[in-house]
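Participant: Pasting in a structure now, in structure tokens, and then I'll have a few things to ask.
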Amino acid sequence: EAGVTQFPSHSVIEKGQTVTLRCDPISGHDNLYWYRRVMGKEIKFLLHFVKESKQDESGMPNNRFLAERTGGTYSTLKVQPAELEDSGVYFCASSQVHGPTGELFFGEGSRLTVL
Amino acid sequence: GNSVTQMEGPVTLSEEAFLTINCTYTATGYPSLFWYVQYPGEGLQLLLKATKADDKGSNKGFEATYRKETTSFHLEKGSVQVSDSAVYFCALRPKAAGNKLTFGGGTRVLVKP
């Protein structure tokens, strides 16, 4: 069974440009999460989807970030316009269960470099 | 709020050396505790977990014990291999937080032959 896949693995853009990151969760996983690690610091929660609905977006840093999950399958995270401080690694994760017994499965991450 | 503090790396060891990575946490109640590992070129993987006080998580020769009295979850391995070179993340999940994890900053471990 395929794991969580993310695309692109690395993106280099200039400040002010737009980037869209994509995540394909494990098939059948209704729960999808975005996390990011900025400047080699701790990994921080961004948001959580249940199917196509945003369940918790308390970690989204500002309105330059837009996450979507149309149809409840894959998700995209768009950064527009990108700023230098957005550089980091963006991780996607999915799970069948959202709760104490649910295990998170992470993708390899998408590294974003903003110049 | 919740937070996780782990020792900064990089930690450089020789093969067969003993590894300890310290992790302490701050949280309300009794969260579940985790160690995740990211090998070069791969995604985050769950290494081990403990869900209540005094539980010991273990996997691949690694162990960590949930210490409520010291709010710690230190990771240990008795004899590391080159293949253990990776970045290790300590994390917590409050009981009511679903899968919303709070991570530490990560510790890079480099094992030399």
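Following the order of the structure tokens, first chain is A, next is B, and so on, with residues numbered from 1 inside each chain and ligands from 1 in the order they appear.
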When you get a sec, could you note down which chain A residues fall within 8 Å of chain B, using only C-alpha atoms, as a list in words?
Facilitator: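 Every residue of chain A that passes the 8 Å test is in Gly40, Lys41, Glu42, Ile43, Lys44, Phe45, His98, Gly99, Pro100, Gly102, Glu103, Leu104, Phe105, Phe106, Gly107, Glu108 and Gly109 of chain A.
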Participant: Set the distance at 8 Å and use only C-alpha atoms: which residues neighbour Leu75 (chain B) once local chain neighbours fewer than 6 positions away are removed? I'd like the list as a list in words.
Facilitator: Leu19, Thr20, Ile21, Asn22, Cys23, Trp35, Phe62, Glu63, Ala64 and Thr65 of chain B
Participant: Would you pick out the contacts of Pro10 (chain B) at 8 Å or less, using only C-alpha atoms, so that residues sharing its chain but fewer than 6 positions from it are not included, and give the list as a ChimeraX atom specification?
Facilitator: /B:107-110
Participant: Quick one: write out the picked residues with C-alpha atoms as an mmCIF file, in the first residue's frame?
Facilitator:
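Ended up saving to out-v9.cif:
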```cif
data_model
loop_
_atom_site.group_PDB
_atom_site.id
_atom_site.type_symbol
_atom_site.label_atom_id
_atom_site.label_comp_id
_atom_site.auth_asym_id
_atom_site.auth_seq_id
_atom_site.Cartn_x
_atom_site.Cartn_y
_atom_site.Cartn_z
ATOM 1 C CA THR B 107 18.250 16.172 17.509
ATOM 2 C CA ARG B 108 20.541 15.161 14.690
ATOM 3 C CA VAL B 109 22.559 12.044 15.445
ATOM 4 C CA LEU B 110 25.567 11.043 13.391
#
```
Participant: Could you go through chain A and tell me which residues DSSP, when run on the backbone, assigns to strand (DSSP E), listing them as a PyMOL selection string?
Facilitator: chain A and resi 5-7+10-13+19-24+31-38+43-50+53-56+65-68+75-79+88-95+105-106+110-114
Participant: Quote the spacing between CA of Lys60 (chain B) and CA of Tyr25 (chain B) in Å to one decimal place.
Facilitator: 23.6 Å
Participant: If you count only C-alpha atoms, which residues fall within 7 Å of Leu66 (chain A), apart from same-chain ones fewer than 5 positions away, as a short mmCIF file (atom, residue, chain, number, x, y, z; two decimals) with C-alpha atoms, in the first residue's frame?
Facilitator:
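Result file is part.cif:
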```cif
data_model
loop_
_atom_site.label_atom_id
_atom_site.label_comp_id
_atom_site.auth_asym_id
_atom_site.auth_seq_id
_atom_site.Cartn_x
_atom_site.Cartn_y
_atom_site.Cartn_z
CA LEU A 77 -1.16 24.06 0.44
CA LYS A 78 -0.61 27.31 -1.42
CA VAL A 79 1.67 30.07 -0.25
#
```
Participant: Which residues come within 9 Å of His48 (chain A), counting only C-alpha atoms, excluding same-chain residues fewer than 6 positions away, as a ChimeraX atom specification?
Facilitator: /A:31-34,54-58 /B:99-100
Participant: Just the residues within 8 Å of Val38 (chain A), please, counting only C-alpha atoms, with nothing from its chain fewer than 5 positions along; format it as a PyMOL selection string.
Facilitator: chain A and resi 43+85-89
Participant: Rank B:Ala53, B:Val111, B:Ala86, B:Leu92 by their smallest atom-to-atom distance to Phe34 (chain B), using only C-alpha atoms, and report the top residue only.
Facilitator: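 So, comparing all the options, the nearest one is B:Leu92.
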Participant: So what do you get for CA of Ile13 (chain A) versus CA of Leu112 (chain A), distance-wise?
Facilitator: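 Atom-to-atom, CA of Ile13 (chain A) to CA of Leu112 (chain A), that is 7.8 Å.
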Participant: Need to verify the contact set: Glu69 (chain B), 10 Å, only C-alpha atoms, exclusion of same-chain residues closer than 2 positions in sequence. Can you return it as JSON, numbers by chain?
Facilitator: {"B": [53, 54, 66, 67, 71, 72]}
